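Asker: I'm passing along work10.pdb; it holds PDB, C-alpha atoms.
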ATOM      1  CA  MET A1003      -6.490   4.102  20.587
ATOM      2  CA  ALA A1004      -2.908   4.699  19.531
ATOM      3  CA  ALA A1005      -2.185   7.110  16.707
ATOM      4  CA  PRO A1006      -2.457   5.671  13.164
ATOM      5  CA  VAL A1007       0.673   4.592  11.308
ATOM      6  CA  VAL A1008       1.193   6.362   7.977
ATOM      7  CA  LYS A1009       3.352   4.947   5.168
ATOM      8  CA  ARG A1010       4.668   6.751   2.093
ATOM      9  CA  LEU A1011       4.404   4.981  -1.279
ATOM     10  CA  LYS A1012       6.276   5.249  -4.561
ATOM     11  CA  GLU A1013       2.988   6.450  -6.026
ATOM     12  CA  LYS A1014       3.001  10.266  -5.897
ATOM     13  CA  GLU A1015       0.675  12.238  -3.602
ATOM     14  CA  THR A1016      -0.507   9.016  -1.942
ATOM     15  CA  LEU A1017      -0.311   7.672   1.634
ATOM     16  CA  VAL A1018      -1.447   4.428   3.290
ATOM     17  CA  ILE A1019      -2.936   4.790   6.771
ATOM     18  CA  GLU A1020      -3.087   1.824   9.163
ATOM     19  CA  TRP A1021      -4.335   1.482  12.736
ATOM     20  CA  GLU A1022      -4.647  -1.198  15.377
ATOM     21  CA  ALA A1023      -7.691  -3.434  15.727
ATOM     22  CA  VAL A1024      -9.755  -3.191  18.906
ATOM     23  CA  GLU A1025     -11.235  -5.915  21.065
ATOM     24  CA  GLU A1026     -14.673  -4.315  21.397
ATOM     25  CA  ASP A1027     -17.627  -5.366  19.266
ATOM     26  CA  ILE A1028     -17.609  -2.463  16.834
ATOM     27  CA  TYR A1029     -19.449  -1.720  13.607
ATOM     28  CA  ALA A1030     -16.782   0.158  11.668
ATOM     29  CA  PHE A1031     -14.036   2.822  11.911
ATOM     30  CA  GLU A1032     -14.177   6.573  11.271
ATOM     31  CA  LEU A1033     -11.047   8.201   9.809
ATOM     32  CA  GLN A1034     -10.282  11.938   9.634
ATOM     33  CA  PHE A1035      -7.396  14.051   8.339
ATOM     34  CA  ARG A1036      -6.268  17.672   8.279
ATOM     35  CA  GLN A1037      -3.532  19.773   6.751
ATOM     36  CA  ASN A1038      -0.574  20.444   9.034
ATOM     37  CA  ARG A1039      -1.225  24.171   9.277
ATOM     38  CA  GLY A1040      -2.589  26.141  12.212
ATOM     39  CA  GLY A1041      -6.357  26.169  12.622
ATOM     40  CA  GLN A1042      -7.158  23.662   9.876
ATOM     41  CA  PRO A1043     -10.363  21.652  10.555
ATOM     42  CA  TRP A1044     -10.559  17.879  10.725
ATOM     43  CA  ILE A1045     -12.225  16.395   7.627
ATOM     44  CA  THR A1046     -13.876  12.975   7.632
ATOM     45  CA  ILE A1047     -12.511  10.599   4.973
ATOM     46  CA  SER A1048     -15.071   7.902   5.849
ATOM     47  CA  ASP A1049     -17.161   6.856   8.862
ATOM     48  CA  ASP A1050     -17.886   3.378   7.502
ATOM     49  CA  LEU A1051     -14.497   1.648   7.117
ATOM     50  CA  HIS A1052     -14.504  -2.106   7.689
ATOM     51  CA  SER A1053     -10.761  -2.766   7.770
ATOM     52  CA  ASN A1054      -7.790  -1.230   9.565
ATOM     53  CA  GLN A1055      -6.066   0.070   6.436
ATOM     54  CA  VAL A1056      -6.943   2.670   3.779
ATOM     55  CA  ARG A1057      -5.155   4.392   0.892
ATOM     56  CA  LYS A1058      -5.605   8.180   0.409
ATOM     57  CA  ARG A1059      -4.673   9.891  -2.860
ATOM     58  CA  ASN A1060      -4.342  13.495  -4.047
ATOM     59  CA  LEU A1061      -2.470  14.658  -0.915
ATOM     60  CA  THR A1062      -0.824  17.730  -2.410
ATOM     61  CA  CYS A1063      -0.323  19.951   0.680
ATOM     62  CA  LYS A1064       3.392  20.749   1.018
ATOM     63  CA  TRP A1065       3.013  21.102   4.801
ATOM     64  CA  GLY A1066       1.900  17.488   5.207
ATOM     65  CA  TYR A1067      -1.127  15.868   6.832
ATOM     66  CA  GLN A1068      -2.213  14.389  10.158
ATOM     67  CA  PHE A1069      -4.681  11.533  10.626
ATOM     68  CA  ARG A1070      -6.797  10.251  13.515
ATOM     69  CA  VAL A1071      -9.214   7.336  13.872
ATOM     70  CA  ARG A1072     -11.883   5.997  16.203
ATOM     71  CA  PRO A1073     -14.151   2.946  16.344
ATOM     72  CA  VAL A1074     -17.852   3.287  15.547
ATOM     73  CA  THR A1075     -20.368   1.499  17.797
ATOM     74  CA  ASP A1076     -24.137   1.520  18.135
ATOM     75  CA  HIS A1077     -24.277   2.654  21.739
ATOM     76  CA  LYS A1078     -21.728   5.446  22.314
ATOM     77  CA  ASN A1079     -19.267   7.843  20.720
ATOM     78  CA  GLU A1080     -15.795   6.430  21.137
ATOM     79  CA  PRO A1081     -12.878   8.848  21.740
ATOM     80  CA  TRP A1082     -10.527   9.768  18.903
ATOM     81  CA  SER A1083      -7.039   8.351  18.759
ATOM     82  CA  LEU A1084      -4.036  10.606  19.088
ATOM     83  CA  PRO A1085      -3.164  12.271  15.777
ATOM     84  CA  CYS A1086      -0.167  10.883  13.944
ATOM     85  CA  GLU A1087       2.940  12.914  13.240
ATOM     86  CA  PRO A1088       2.677  15.105  10.093
ATOM     87  CA  VAL A1089       3.582  13.205   6.922
ATOM     88  CA  ILE A1090       4.289  14.671   3.457
ATOM     89  CA  ALA A1091       3.373  12.451   0.500
ATOM     90  CA  ASN A1092       5.964  11.371  -2.055
ATOM     91  CA  GLY A1093       6.322  13.781  -4.966
ATOM     92  CA  VAL A1094       5.334  16.866  -2.944
ATOM     93  CA  LYS A1095       8.138  19.395  -2.398
ATOM     94  CA  SER A1096       8.603  20.105   1.297
ATOM     95  CA  PRO A1097       9.035  23.732   2.418
ATOM     96  CA  PHE A1098      10.828  22.902   5.647
ATOM     97  CA  PRO A1099      14.476  23.103   4.447
ATOM     98  CA  LYS A1100      13.800  26.639   3.132
ATOM     99  CA  ILE A1101      12.191  27.661   6.405
ATOM    100  CA  LEU A1102      15.180  26.499   8.408
ATOM    101  CA  MET A1103      17.495  28.644   6.297
ATOM    102  CA  LYS A1104      15.272  31.746   6.248
ATOM    103  CA  GLY A1105      16.886  34.778   7.916
ATOM    104  CA  LEU A1106      20.348  33.248   8.219
ATOM    105  CA  LYS A1107      23.288  35.147   6.746
ATOM    106  CA  THR A1108      25.520  32.750   4.923
ATOM    107  CA  THR A1109      28.712  33.126   2.981
ATOM    108  CA  THR A1110      29.830  30.874   0.225
ATOM    109  CA  THR A1111      33.278  30.084  -1.022
ATOM    110  CA  PRO A1112      34.023  28.835  -4.508
ATOM    111  CA  GLN A1113      34.175  25.074  -4.646
ATOM    112  CA  PRO A1114      36.475  23.156  -6.969
ATOM    113  CA  PRO A1115      34.718  21.335  -9.758
ATOM    114  CA  PRO A1116      33.980  17.682  -9.100
ATOM    115  CA  PRO A1117      36.517  15.188 -10.394
ATOM    116  CA  GLN A1118      35.882  13.951 -13.873
ATOM    117  CA  ARG A1119      34.836  10.334 -13.985
ATOM    118  CA  PRO A1120      35.654   8.185 -16.951
ATOM    119  CA  PRO A1121      32.646   7.547 -19.162
ATOM    120  CA  LYS A1122      30.816   4.343 -18.482
ATOM    121  CA  LYS A1123      31.269   1.578 -20.941
ATOM    122  CA  LYS A1124      28.171   0.761 -22.869
ATOM    123  CA  GLU A1125      26.867  -2.652 -21.993
ATOM    124  CA  LYS A1126      26.430  -4.979 -24.876
ATOM    125  CA  PRO A1127      22.811  -5.852 -25.512
ATOM    126  CA  LEU A1128      21.806  -9.181 -24.051
ATOM    127  CA  MET A1129      21.400 -11.656 -26.898
ATOM    128  CA  ILE A1130      18.564 -14.000 -26.077
ATOM    129  CA  ASP A1131      16.958 -16.804 -27.981
ATOM    130  CA  GLN A1132      14.338 -19.372 -27.035
ATOM    131  CA  ASN A1133      16.905 -21.302 -24.984
ATOM    132  CA  HIS A1134      17.681 -18.344 -22.697
ATOM    133  CA  GLU A1135      14.359 -17.520 -21.068
ATOM    134  CA  ASP A1136      15.905 -18.113 -17.618
ATOM    135  CA  THR A1137      18.543 -15.443 -18.301
ATOM    136  CA  ARG A1138      15.905 -12.974 -19.473
ATOM    137  CA  ARG A1139      13.822 -13.634 -16.356
ATOM    138  CA  GLN A1140      16.806 -13.002 -14.066
ATOM    139  CA  ARG A1141      17.524  -9.651 -15.725
ATOM    140  CA  TYR A1142      13.855  -8.560 -15.680
ATOM    141  CA  GLU A1143      12.609  -6.816 -12.517
ATOM    142  CA  PRO A1144       8.806  -6.484 -12.544
ATOM    143  CA  ASP A1145       6.949  -3.527 -11.048
ATOM    144  CA  LYS A1146       4.723  -3.993  -8.027
ATOM    145  CA  MET A1147       1.509  -5.711  -9.114
ATOM    146  CA  ASP A1148      -1.870  -3.991  -9.010
ATOM    147  CA  ALA A1149      -4.253  -5.137  -6.285
ATOM    148  CA  PRO A1150      -6.357  -8.167  -7.245
ATOM    149  CA  TRP A1151     -10.105  -7.843  -7.844
ATOM    150  CA  PHE A1152     -12.923 -10.292  -7.253
ATOM    151  CA  LYS A1153     -16.527 -11.278  -7.895
ATOM    152  CA  ASN A1154     -19.000 -13.569  -6.166
ATOM    153  CA  ALA A1155     -19.076 -17.163  -7.323
ATOM    154  CA  GLU A1156     -22.335 -18.966  -8.110
ATOM    155  CA  GLU A1157     -22.207 -20.996  -4.907
ATOM    156  CA  ALA A1158     -22.500 -19.475  -1.428
ATOM    157  CA  GLU A1159     -19.440 -18.453   0.645
ATOM    158  CA  ALA A1160     -17.168 -18.417  -2.415
ATOM    159  CA  MET A1161     -15.346 -15.712  -4.401
ATOM    160  CA  ILE A1162     -13.437 -15.667  -7.693
ATOM    161  CA  ILE A1163     -10.193 -13.652  -7.388
ATOM    162  CA  ASN A1164      -8.498 -12.196 -10.494
ATOM    163  CA  TRP A1165      -5.198 -10.401 -11.151
ATOM    164  CA  ASN A1166      -3.207  -9.010 -14.067
ATOM    165  CA  PRO A1167      -0.462 -11.206 -15.606
ATOM    166  CA  VAL A1168       3.251 -10.375 -15.244
ATOM    167  CA  ASP A1169       5.782 -11.075 -18.000
ATOM    168  CA  TYR A1170       8.085 -14.051 -17.341
ATOM    169  CA  ALA A1171       6.373 -14.996 -14.060
ATOM    170  CA  THR A1172       6.475 -18.740 -13.347
ATOM    171  CA  GLY A1173       3.482 -18.537 -11.017
ATOM    172  CA  TYR A1174       1.804 -16.361  -8.382
ATOM    173  CA  GLU A1175       1.583 -16.420  -4.591
ATOM    174  CA  LEU A1176      -1.846 -15.389  -3.267
ATOM    175  CA  GLN A1177      -2.528 -14.399   0.344
ATOM    176  CA  MET A1178      -5.635 -13.345   2.269
ATOM    177  CA  ILE A1179      -6.450 -11.779   5.639
ATOM    178  CA  LYS A1180      -9.643 -11.671   7.706
ATOM    179  CA  CYS A1181     -10.966  -8.143   8.271
ATOM    180  CA  MET A1182     -11.861  -6.831  11.735
ATOM    181  CA  LYS A1183      -9.907  -9.596  13.485
ATOM    182  CA  LYS A1184      -7.397  -8.603  16.157
ATOM    183  CA  ARG A1185      -3.928  -9.992  15.477
ATOM    184  CA  ALA A1186      -5.056 -11.192  12.057
ATOM    185  CA  GLU A1187      -2.138 -12.173   9.826
ATOM    186  CA  TRP A1188      -1.735 -12.660   6.086
ATOM    187  CA  LYS A1189      -2.179 -16.329   5.175
ATOM    188  CA  THR A1190      -0.913 -17.909   1.963
ATOM    189  CA  ILE A1191      -3.740 -19.547   0.023
ATOM    190  CA  ALA A1192      -1.441 -20.967  -2.664
ATOM    191  CA  ALA A1193       2.305 -20.503  -3.161
ATOM    192  CA  ASN A1194       2.532 -21.005  -6.940
ATOM    193  CA  LEU A1195      -0.755 -20.517  -8.773
ATOM    194  CA  GLN A1196      -0.834 -20.842 -12.548
ATOM    195  CA  GLY A1197      -3.036 -18.491 -14.561
ATOM    196  CA  THR A1198      -4.644 -15.261 -13.367
ATOM    197  CA  GLN A1199      -7.792 -16.497 -11.615
ATOM    198  CA  VAL A1200      -8.695 -18.735  -8.687
ATOM    199  CA  LYS A1201     -11.858 -19.646  -6.765
ATOM    200  CA  LYS A1202     -11.752 -19.463  -2.943
ATOM    201  CA  LYS A1203     -14.425 -21.273  -0.938
ATOM    202  CA  ASN A1204     -15.523 -21.308   2.727
ATOM    203  CA  LEU A1205     -15.372 -17.504   3.110
ATOM    204  CA  THR A1206     -17.588 -17.291   6.210
ATOM    205  CA  ASN A1207     -16.201 -14.158   7.919
ATOM    206  CA  LYS A1208     -19.040 -11.602   7.970
ATOM    207  CA  ALA A1209     -16.616  -8.661   8.052
ATOM    208  CA  GLY A1210     -15.027  -9.896   4.811
ATOM    209  CA  TYR A1211     -11.540 -10.608   3.490
ATOM    210  CA  GLN A1212      -8.739  -8.840   1.632
ATOM    211  CA  PHE A1213      -6.347 -10.411  -0.880
ATOM    212  CA  ARG A1214      -2.872  -9.589  -2.196
ATOM    213  CA  ILE A1215      -0.678 -11.169  -4.894
ATOM    214  CA  ARG A1216       2.935 -11.307  -6.097
ATOM    215  CA  PRO A1217       4.757 -13.036  -8.983
ATOM    216  CA  ASN A1218       7.287 -15.868  -8.643
ATOM    217  CA  GLY A1219      10.354 -16.847 -10.638
ATOM    218  CA  PHE A1220      12.604 -13.781 -10.428
ATOM    219  CA  ARG A1221      16.125 -13.292  -9.069
ATOM    220  CA  LYS A1222      14.884 -10.971  -6.318
ATOM    221  CA  GLU A1223      11.783 -11.707  -4.274
ATOM    222  CA  THR A1224       9.132  -9.208  -5.320
ATOM    223  CA  GLU A1225       6.875  -7.405  -2.851
ATOM    224  CA  PHE A1226       3.165  -8.135  -2.570
ATOM    225  CA  SER A1227       0.596  -5.914  -4.230
ATOM    226  CA  ASP A1228      -1.510  -3.530  -2.196
ATOM    227  CA  PRO A1229      -4.521  -5.219  -0.526
ATOM    228  CA  SER A1230      -7.691  -5.586  -2.547
ATOM    229  CA  ASN A1231     -10.972  -3.999  -1.567
ATOM    230  CA  ILE A1232     -12.912  -5.864   1.113
ATOM    231  CA  ALA A1233     -14.630  -8.970  -0.285
ATOM    232  CA  ILE A1234     -17.762 -10.305   1.448
ATOM    233  CA  ALA A1235     -19.077 -13.551   0.007
ATOM    234  CA  ASN A1236     -22.802 -14.221  -0.465
TER     235      ASN A1236
END
As structure tokens, what does this structure read like?
Answerer:
Amino acid sequence: MAAPVVKRLKEKETLVIEWEAVEEDIYAFELQFRQNRGGQPWITISDDLHSNQVRKRNLTCKWGYQFRVRPVTDHKNEPWSLPCEPVIANGVKSPFPKILMKGLKTTTTPQPPPPQRPPKKKEKPLMIDQNHEDTRRQRYEPDKMDAPWFKNAEEAEAMIINWNPVDYATGYELQMIKCMKKRAEWKTIAANLQGTQVKKKNLTNKAGYQFRIRPNGFRKETEFSDPSNIAIAN
């Protein structure tokens, strides 16, 4: 397998690890990580992952981390992927700039003070009444939504998906993806849902599904939430 792809998030000390799906009939994936320091052992995050994406928190090592992954089957031990390049999580101070400068003799010359900029004019507060909700919505930029959550519906092969409301949203776009499917893509279930709950039927994939959500009605298109946990319908 190719090395996993690691993405930094705005959330501090957190990384998202993704890897490619495989064509073989596999049971799950095993994911390991280690600190980017000499002689550090590989530590198993999980050996029972049923999707090709996971979020890892509390990554506080200033030297960064490496990750590797392999498929889990019933009949043999699959080889590990190549380890990814070391990645330092957001909010962790990197030591590398200091290391590069260590031992170098440098001289400094006095620098002129920066030019004085005129003070910024204070913006007048936006006066809004009930007839200016569109203006308020255009000025408001919502944060990234939390991942949706779900529960089994009373009927078989159905789930009820929930999400938190967002101020001034005119609706919500909900997408889903099939887990453990090679070349699976996010598919829009509904482009402008009203409310904060919807029932999805005909969920027959045994490996489960993941869902993500984003609000509509703002000047800039907002990004989708992180994927939900894996949902497997009864």
Asker: With 12 Å as the cut-off and all atoms listed in the file counted, what is the closest atom pair between each nearby residue of range 1175-1231 of chain A and range 1167-1170 of chain A? Distances in Å to one decimal, ordered by chain and number, as a tab-separated table.
Answerer:
residue	atom	partner	partner_atom	distance
A:Leu1195	CA	A:Pro1167	CA	11.6
A:Gln1196	CA	A:Pro1167	CA	10.1
A:Gly1197	CA	A:Pro1167	CA	7.8
A:Thr1198	CA	A:Pro1167	CA	6.2
A:Gln1199	CA	A:Pro1167	CA	9.9
A:Ile1215	CA	A:Pro1167	CA	10.7
A:Arg1216	CA	A:Val1168	CA	9.2
A:Pro1217	CA	A:Val1168	CA	7.0
A:Asn1218	CA	A:Tyr1170	CA	8.9
A:Gly1219	CA	A:Tyr1170	CA	7.6
A:Phe1220	CA	A:Tyr1170	CA	8.3
A:Arg1221	CA	A:Tyr1170	CA	11.6
A:Thr1224	CA	A:Val1168	CA	11.6
Asker: Given 4 Å on each side, where is the centre and what are the edge lengths in Å to one decimal of the axis-aligned box enclosing the listed atoms of range 1191-1194 of chain A, as JSON?
Answerer:
{"center_x": -0.6, "center_y": -20.3, "center_z": -3.5, "size_x": 14.3, "size_y": 9.5, "size_z": 15.0}
Asker: Evaluate the PyMOL selection byres ((chain A and resi 1162) around 6) and record the selected residues as JSON, numbers by chain, following the chain and residue labels used in the document.
Answerer: {"A": [1152, 1153, 1155, 1161, 1163, 1200, 1201]}
Asker: Include C-alpha atoms and write out the residues we just selected as a JSON list (two decimals), in the frame of the given file.
Answerer:
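What landed in result_19.json:
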[["chain", "number", "residue", "atom", "x", "y", "z"],
["A", 1152, "PHE", "CA", -12.92, -10.29, -7.25],
["A", 1153, "LYS", "CA", -16.53, -11.28, -7.90],
["A", 1155, "ALA", "CA", -19.08, -17.16, -7.32],
["A", 1161, "MET", "CA", -15.35, -15.71, -4.40],
["A", 1163, "ILE", "CA", -10.19, -13.65, -7.39],
["A", 1200, "VAL", "CA", -8.70, -18.74, -8.69],
["A", 1201, "LYS", "CA", -11.86, -19.65, -6.76]]
Asker: To one decimal in Å, tell me the separation between CA of Leu1176 in chain A and CA of Thr1190 in chain A.
Answerer: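 Going from CA of Leu1176 in chain A over to CA of Thr1190 in chain A covers 5.9 Å.
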Asker: For CA of Ile1045 in chain A and CA of Met1182 in chain A, determine how far apart the two atoms are, in Å to one decimal place.
Answerer: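 Separation between CA of Ile1045 in chain A and CA of Met1182 in chain A: 23.6 Å.
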Asker: What's around Ala1023 in chain A at 7 Å? Count all atoms listed in the file, leave out sequence neighbours fewer than 5 positions away in its own chain, and write the answer as number ranges by chain.
Answerer: A: 1054, 1182-1184
Asker: Please, could you write that set of residues out with C-alpha atoms as a JSON list (two decimals), in the coordinates of the input?
Answerer:
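Wrote selection38.json, looks like this:
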[["chain", "number", "residue", "atom", "x", "y", "z"],
["A", 1054, "ASN", "CA", -7.79, -1.23, 9.56],
["A", 1182, "MET", "CA", -11.86, -6.83, 11.74],
["A", 1183, "LYS", "CA", -9.91, -9.60, 13.48],
["A", 1184, "LYS", "CA", -7.40, -8.60, 16.16]]
Asker: Would you work out the distance separating CA of Val1089 in chain A from CA of Asn1231 in chain A, expressed in Å to one decimal?
Answerer: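 One can read the CA of Val1089 in chain A to CA of Asn1231 in chain A distance as 24.1 Å.
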Asker: For a quick check of understanding, using all atoms listed in the file, which of A:Pro1085, A:Pro1229, A:Pro1144, A:Gly1066 has the smallest distance to Ile1179 in chain A?
Answerer: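 Ranking A:Pro1085, A:Pro1229, A:Pro1144, A:Gly1066 by distance to Ile1179 in chain A, first place goes to A:Pro1229.
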Asker: Find, counting all atoms listed in the file, the residue in A:Gly1093, A:Arg1072, A:Ala1233, A:Ile1028 that gets nearest to Thr1046 in chain A.
Answerer: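 Of all the options, A:Arg1072 lies closest to Thr1046 in chain A.
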Asker: From the set A:Gly1040, A:Asp1145, A:Val1074, A:Lys1009, which residue has the shortest atom-to-atom contact distance to Cys1086 in chain A, counting only C-alpha atoms?
Answerer: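 The shortest atom-to-atom distance to Cys1086 in chain A comes from A:Lys1009.
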Asker: Run the PyMOL selection byres ((chain A and resi 1209) around 12) against the file shown and list the residues it catches, as a ChimeraX atom specification.
Answerer: /A:1027-1030,1051-1054,1179-1183,1205-1208,1210-1212,1232-1236
Asker: Find, counting only C-alpha atoms, the residue in A:Leu1033, A:Arg1185, A:Lys1012, A:Lys1095 that gets nearest to Gln1055 in chain A.
Answerer: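 Result for the nearest residue to Gln1055 in chain A: A:Leu1033.
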Asker: Selected by the PyMOL selection byres ((chain A and resi 1188) around 8) in the shown coordinates: which residues, as a tab-separated table (two decimals) with C-alpha atoms, keeping the file's coordinate frame?
Answerer:
chain	number	residue	atom	x	y	z
A	1177	GLN	CA	-2.53	-14.40	0.34
A	1178	MET	CA	-5.64	-13.34	2.27
A	1179	ILE	CA	-6.45	-11.78	5.64
A	1186	ALA	CA	-5.06	-11.19	12.06
A	1187	GLU	CA	-2.14	-12.17	9.83
A	1189	LYS	CA	-2.18	-16.33	5.18
A	1190	THR	CA	-0.91	-17.91	1.96
Asker: Give me the residues within 8 Å of Asn1166 in chain A as a list in words, counting only C-alpha atoms and dropping any in the same chain fewer than 3 places off.
Answerer: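 After dropping sequence-adjacent residues, the list is Met1147, Asp1148, Pro1150 and Thr1198 of chain A.
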Asker: Pick from A:Ala1005, A:Lys1064, A:Gln1034, A:Thr1172: nearest to Glu1022 in chain A, with all atoms listed in the file counted?
Answerer: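 Among the listed residues, A:Ala1005 lies closest to Glu1022 in chain A.
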Asker: With only C-alpha atoms as the atoms that count, which of A:Lys1146, A:Arg1070, A:Lys1078, A:Arg1119 lies nearest to Ile1019 in chain A?
Answerer: A:Arg1070
Asker: Would you list the contacts of Val1018 in chain A as a PyMOL selection string, taking every protein, DNA or RNA residue within 9 Å and counting only C-alpha atoms, but skipping same-chain residues closer than 2 positions in sequence?
Answerer: chain A and resi 1007-1011+1016+1020+1055-1059
